[in-house]
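K.L.:
So here's query-v4.cif (mmCIF, C-alpha atoms).
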data_work
loop_
_atom_site.label_atom_id
_atom_site.label_comp_id
_atom_site.auth_asym_id
_atom_site.auth_seq_id
_atom_site.Cartn_x
_atom_site.Cartn_y
_atom_site.Cartn_z
CA MET A 1 103.75 155.78 156.59
CA THR A 2 104.01 158.88 154.46
CA SER A 3 102.49 159.24 151.03
CA ILE A 4 104.57 158.08 148.07
CA PHE A 5 103.29 161.06 146.08
CA LYS A 6 104.63 163.83 148.35
CA PRO A 7 108.27 164.87 147.90
CA GLU A 8 108.54 165.92 151.54
CA GLY A 9 110.42 164.26 154.34
CA ARG A 10 112.94 161.46 154.32
CA ILE A 11 112.96 157.71 153.59
CA THR A 12 115.41 154.97 154.47
CA ARG A 13 117.61 153.09 152.04
CA ARG A 14 115.52 149.96 152.48
CA MET A 15 112.23 151.71 151.68
CA TYR A 16 113.83 153.47 148.73
CA LEU A 17 115.21 150.20 147.39
CA VAL A 18 111.79 148.50 147.63
CA MET A 19 110.12 151.39 145.82
CA PHE A 20 112.92 151.53 143.25
CA ILE A 21 112.67 147.83 142.40
CA ILE A 22 108.87 147.98 142.05
CA PHE A 23 108.71 151.10 139.90
CA TYR A 24 111.82 150.41 137.80
CA PHE A 25 110.29 147.02 136.95
CA ILE A 26 107.07 148.81 135.98
CA ASN A 27 109.13 151.16 133.77
CA ILE A 28 110.78 148.27 131.96
CA LEU A 29 107.45 146.50 131.54
CA CYS A 30 105.84 149.67 130.15
CA LEU A 31 108.71 150.17 127.70
CA MET A 32 108.27 146.62 126.41
CA ILE A 33 104.51 147.13 126.05
CA ILE A 34 105.07 150.44 124.27
CA TRP A 35 107.53 148.82 121.86
CA ASP A 36 105.18 145.92 121.11
CA SER A 37 102.08 148.09 120.74
CA PHE A 38 103.94 150.50 118.45
CA HIS A 39 104.86 147.67 116.09
CA SER A 40 101.38 146.16 116.20
CA GLN A 41 99.83 149.65 115.95
CA SER A 42 97.66 149.20 119.04
CA TRP A 43 97.44 152.88 119.80
CA ALA A 44 95.15 152.65 122.83
CA VAL A 45 97.57 150.27 124.55
CA PHE A 46 100.50 152.43 123.45
CA TYR A 47 99.09 155.60 125.04
CA ALA A 48 97.91 153.79 128.18
CA ALA A 49 101.38 152.32 128.73
CA LEU A 50 102.92 155.72 128.05
CA VAL A 51 100.78 157.30 130.77
CA VAL A 52 101.75 154.56 133.23
CA LEU A 53 105.42 155.02 132.28
CA VAL A 54 105.33 158.77 132.94
CA ALA A 55 103.51 158.23 136.25
CA SER A 56 106.03 155.64 137.44
CA ILE A 57 108.94 157.92 136.46
CA CYS A 58 107.36 160.72 138.50
CA ILE A 59 106.96 158.43 141.51
CA LEU A 60 110.60 157.32 141.18
CA LEU A 61 111.68 160.96 141.15
CA VAL A 62 109.63 161.72 144.24
CA GLN A 63 111.26 158.81 146.06
CA ALA A 64 114.69 160.01 144.91
CA ILE A 65 113.92 163.47 146.31
CA LYS A 66 113.03 161.95 149.67
CA ARG A 67 116.22 159.92 149.60
CA LEU A 68 118.25 163.03 148.74
CA HIS A 69 116.62 164.74 151.73
CA ASP A 70 117.76 161.85 153.93
CA ILE A 71 121.33 162.32 152.68
CA GLY A 72 121.02 166.07 153.31
CA LEU A 73 120.91 167.26 149.70
CA ASP A 74 118.42 169.50 147.92
CA TRP A 75 115.76 168.25 145.46
CA LYS A 76 117.56 169.86 142.51
CA TYR A 77 120.03 166.98 142.37
CA SER A 78 117.16 164.70 141.34
CA LEU A 79 117.14 166.40 137.93
CA TYR A 80 120.35 164.51 137.13
CA LEU A 81 118.28 161.35 137.31
CA LEU A 82 116.40 162.44 134.18
CA ILE A 83 119.50 161.63 132.13
CA PRO A 84 118.71 158.55 129.99
CA PRO A 85 119.81 155.09 131.11
CA PRO A 86 122.31 153.68 132.03
CA LEU A 87 123.62 156.87 133.66
CA ASN A 88 120.47 157.48 135.68
CA PHE A 89 120.56 153.86 136.89
CA ILE A 90 123.96 154.59 138.46
CA GLY A 91 122.44 157.56 140.27
CA PHE A 92 119.54 155.50 141.56
CA ILE A 93 121.93 152.82 142.84
CA TRP A 94 124.08 155.49 144.52
CA LEU A 95 120.98 156.74 146.34
CA ALA A 96 120.26 153.21 147.52
CA ALA A 97 123.81 152.72 148.81
CA LYS A 98 124.57 156.12 150.39
CA LYS A 99 124.00 156.27 154.14
CA GLY A 100 121.62 158.96 155.36
CA GLN A 101 122.37 161.56 157.98
CA ASP A 102 122.03 160.47 161.59
CA GLY A 103 119.37 162.20 163.61
CA GLU A 104 117.13 165.01 162.50
CA ASN A 105 118.13 167.30 159.64
CA GLU A 106 116.43 170.27 157.96
CA TYR A 107 114.11 167.94 156.00
CA GLY A 108 112.66 166.04 158.94
CA PRO A 109 113.27 163.43 161.62
CA ASP A 110 115.43 160.35 161.14
CA PRO A 111 113.30 157.86 159.15
CA ARG A 112 115.05 154.84 160.67
CA LYS A 113 113.18 155.44 163.92
CA THR A 114 109.74 155.52 162.27
CA ASP A 115 110.14 153.27 159.20
CA VAL A 116 107.70 150.36 158.97
CA ILE A 117 109.57 148.30 156.38
#
So, in terms of structure tokens, how does the structure I just supplied come out?

P.N.:
Amino acid sequence: MTSIFKPEGRITRRMYLVMFIIFYFINILCLMIIWDSFHSQSWAVFYAALVVLVASICILLVQAIKRLHDIGLDWKYSLYLLIPPPLNFIGFIWLAAKKGQDGENEYGPDPRKTDVI
């Protein structure tokens, strides 16, 4: 299994969907914690949740880059996913639904042959 922190290679729709559900849930949880800690003025919790939010967004973008590689597109298209919700959610769902290229492409071998999940 490849590292979730490296934007190299390709991942399957299934692996992307698992990672998307986990980290999008973490994003929502962090946003709720940030909102609550802002109103209660718990600044340590606020900044800790903000760091976790930024880290989970970065991991989601890395997974989106890998998914774009599987489709055969360049990483630059992942910048569209930085548009605020709900528009970026549509992009993430499109990445989960779009079938990848069969066989090897310029970004690596077909992940369906080596995917664990």

K.L.:
What separation in Å, quoted to one decimal, exists between CA of Asp102 in chain A and CA of Leu61 in chain A?

P.N.:
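Distance between the two atoms: 22.9 Å.
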
K.L.:
What would the selection look like, as a PDB file with C-alpha atoms, in the coordinates of the input, if the PyMOL selection byres ((chain A and resi 99) around 10) were run on the coordinates I just shared?

P.N.:
ATOM      1  CA  THR A  12     115.410 154.970 154.470  1.00  0.00           C
ATOM      2  CA  ARG A  13     117.610 153.090 152.040  1.00  0.00           C
ATOM      3  CA  ARG A  67     116.220 159.920 149.600  1.00  0.00           C
ATOM      4  CA  ASP A  70     117.760 161.850 153.930  1.00  0.00           C
ATOM      5  CA  ILE A  71     121.330 162.320 152.680  1.00  0.00           C
ATOM      6  CA  TRP A  94     124.080 155.490 144.520  1.00  0.00           C
ATOM      7  CA  LEU A  95     120.980 156.740 146.340  1.00  0.00           C
ATOM      8  CA  ALA A  96     120.260 153.210 147.520  1.00  0.00           C
ATOM      9  CA  ALA A  97     123.810 152.720 148.810  1.00  0.00           C
ATOM     10  CA  LYS A  98     124.570 156.120 150.390  1.00  0.00           C
ATOM     11  CA  GLY A 100     121.620 158.960 155.360  1.00  0.00           C
ATOM     12  CA  GLN A 101     122.370 161.560 157.980  1.00  0.00           C
ATOM     13  CA  ASP A 102     122.030 160.470 161.590  1.00  0.00           C
TER      14      ASP A 102
END

K.L.:
Between A:Ala44, A:Leu60, A:Leu53, A:Leu73, single out the one closest to Asn88 in chain A, counting all atoms listed in the file.

P.N.:
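Nearest to Asn88 in chain A: A:Leu60.
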
K.L.:
Using the chain letters and residue numbers of this document, give as a list in words the residues selected by the PyMOL selection byres ((chain A and resi 74) around 12).

P.N.:
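Checked against the file, the PyMOL selection byres ((chain A and resi 74) around 12) matches Pro7, Glu8, Gly9, Arg10, Ala64, Ile65, Lys66, Arg67, Leu68, His69, Asp70, Ile71, Gly72, Leu73, Trp75, Lys76, Tyr77, Ser78, Leu79, Asn105, Glu106 and Tyr107 of chain A.
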
K.L.:
For the atom pair CA of Ala55 in chain A and CA of Pro85 in chain A, what is the interatomic distance in Å to one decimal place?

P.N.:
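The value is 17.4 Å.
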
K.L.:
Go ahead and compute the interatomic distance for CA of Cys58 in chain A and CA of Ser42 in chain A, in Å to one decimal.

P.N.:
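Here the two named atoms are 24.6 Å from each other.
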
K.L.:
Around range 46-50 of chain A, fit a box with edges along x, y and z, padding it by 6 Å on each side, then list its centre and edge lengths in Å to one decimal as AutoDock Vina command-line options.

P.N.:
--center_x 100.4 --center_y 154.0 --center_z 126.1 --size_x 17.0 --size_y 15.4 --size_z 17.3

K.L.:
Using all atoms listed in the file, pick whichever of A:Asp110, A:Leu82, A:Gln63, A:Gly91 has the shortest atom-to-atom distance to Val18 in chain A.

P.N.:
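Going through A:Asp110, A:Leu82, A:Gln63, A:Gly91 one by one, the smallest distance to Val18 in chain A is for A:Gln63.
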
K.L.:
Generate a file for range 60-87 of chain A, containing N, CA and C atoms, as a compact mmCIF listing (two decimals), in the first residue's frame.

P.N.:
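Below is the file that was written, decode35.txt:
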# COMPACT_ATOMS: atom_id res chain seq x y z
N LEU A 60 -6.92 15.07 1.81
CA LEU A 60 -7.97 14.92 0.80
C LEU A 60 -7.50 15.37 -0.58
N LEU A 61 -6.74 16.44 -0.63
CA LEU A 61 -6.22 16.91 -1.91
C LEU A 61 -5.21 15.93 -2.50
N VAL A 62 -4.39 15.34 -1.66
CA VAL A 62 -3.43 14.35 -2.15
C VAL A 62 -4.17 13.14 -2.73
N GLN A 63 -5.22 12.70 -2.06
CA GLN A 63 -6.00 11.58 -2.57
C GLN A 63 -6.70 11.95 -3.87
N ALA A 64 -7.16 13.19 -3.97
CA ALA A 64 -7.80 13.64 -5.21
C ALA A 64 -6.78 13.67 -6.36
N ILE A 65 -5.55 14.06 -6.06
CA ILE A 65 -4.51 14.06 -7.09
C ILE A 65 -4.25 12.64 -7.59
N LYS A 66 -4.18 11.69 -6.68
CA LYS A 66 -3.99 10.30 -7.08
C LYS A 66 -5.16 9.80 -7.93
N ARG A 67 -6.34 10.21 -7.54
CA ARG A 67 -7.53 9.80 -8.30
C ARG A 67 -7.53 10.44 -9.69
N LEU A 68 -7.13 11.71 -9.77
CA LEU A 68 -7.01 12.36 -11.07
C LEU A 68 -5.97 11.65 -11.93
N HIS A 69 -4.89 11.19 -11.33
CA HIS A 69 -3.89 10.43 -12.07
C HIS A 69 -4.49 9.14 -12.62
N ASP A 70 -5.36 8.50 -11.84
CA ASP A 70 -6.00 7.27 -12.31
C ASP A 70 -6.91 7.54 -13.50
N ILE A 71 -7.54 8.69 -13.52
CA ILE A 71 -8.42 9.07 -14.63
C ILE A 71 -7.59 9.50 -15.84
N GLY A 72 -6.35 9.93 -15.59
CA GLY A 72 -5.47 10.36 -16.66
C GLY A 72 -5.32 11.86 -16.75
N LEU A 73 -5.70 12.57 -15.69
CA LEU A 73 -5.61 14.03 -15.67
C LEU A 73 -4.46 14.49 -14.79
N ASP A 74 -4.05 15.73 -15.01
CA ASP A 74 -2.93 16.31 -14.28
C ASP A 74 -3.38 16.77 -12.89
N TRP A 75 -2.42 17.01 -12.00
CA TRP A 75 -2.72 17.42 -10.62
C TRP A 75 -3.36 18.79 -10.55
N LYS A 76 -3.18 19.62 -11.57
CA LYS A 76 -3.67 21.00 -11.53
C LYS A 76 -5.19 21.08 -11.41
N TYR A 77 -5.88 20.05 -11.85
CA TYR A 77 -7.34 20.03 -11.74
C TYR A 77 -7.79 19.92 -10.28
N SER A 78 -6.91 19.48 -9.40
CA SER A 78 -7.27 19.38 -7.98
C SER A 78 -7.45 20.75 -7.34
N LEU A 79 -6.91 21.79 -7.96
CA LEU A 79 -7.07 23.14 -7.41
C LEU A 79 -8.53 23.59 -7.45
N TYR A 80 -9.31 23.03 -8.37
CA TYR A 80 -10.75 23.34 -8.40
C TYR A 80 -11.46 22.84 -7.14
N LEU A 81 -10.87 21.86 -6.49
CA LEU A 81 -11.48 21.31 -5.28
C LEU A 81 -11.30 22.23 -4.07
N LEU A 82 -10.53 23.30 -4.23
CA LEU A 82 -10.37 24.27 -3.15
C LEU A 82 -11.51 25.28 -3.12
N ILE A 83 -12.40 25.21 -4.10
CA ILE A 83 -13.59 26.06 -4.10
C ILE A 83 -14.44 25.65 -2.89
N PRO A 84 -15.02 26.61 -2.17
CA PRO A 84 -15.79 26.25 -0.97
C PRO A 84 -16.99 25.34 -1.27
N PRO A 85 -17.41 24.59 -0.25
CA PRO A 85 -18.58 23.72 -0.41
C PRO A 85 -19.81 24.53 -0.78
N PRO A 86 -20.75 23.97 -1.44
CA PRO A 86 -20.95 22.58 -1.88
C PRO A 86 -20.32 22.26 -3.23
N LEU A 87 -19.72 23.23 -3.90
CA LEU A 87 -19.17 22.96 -5.23
C LEU A 87 -18.01 21.96 -5.19
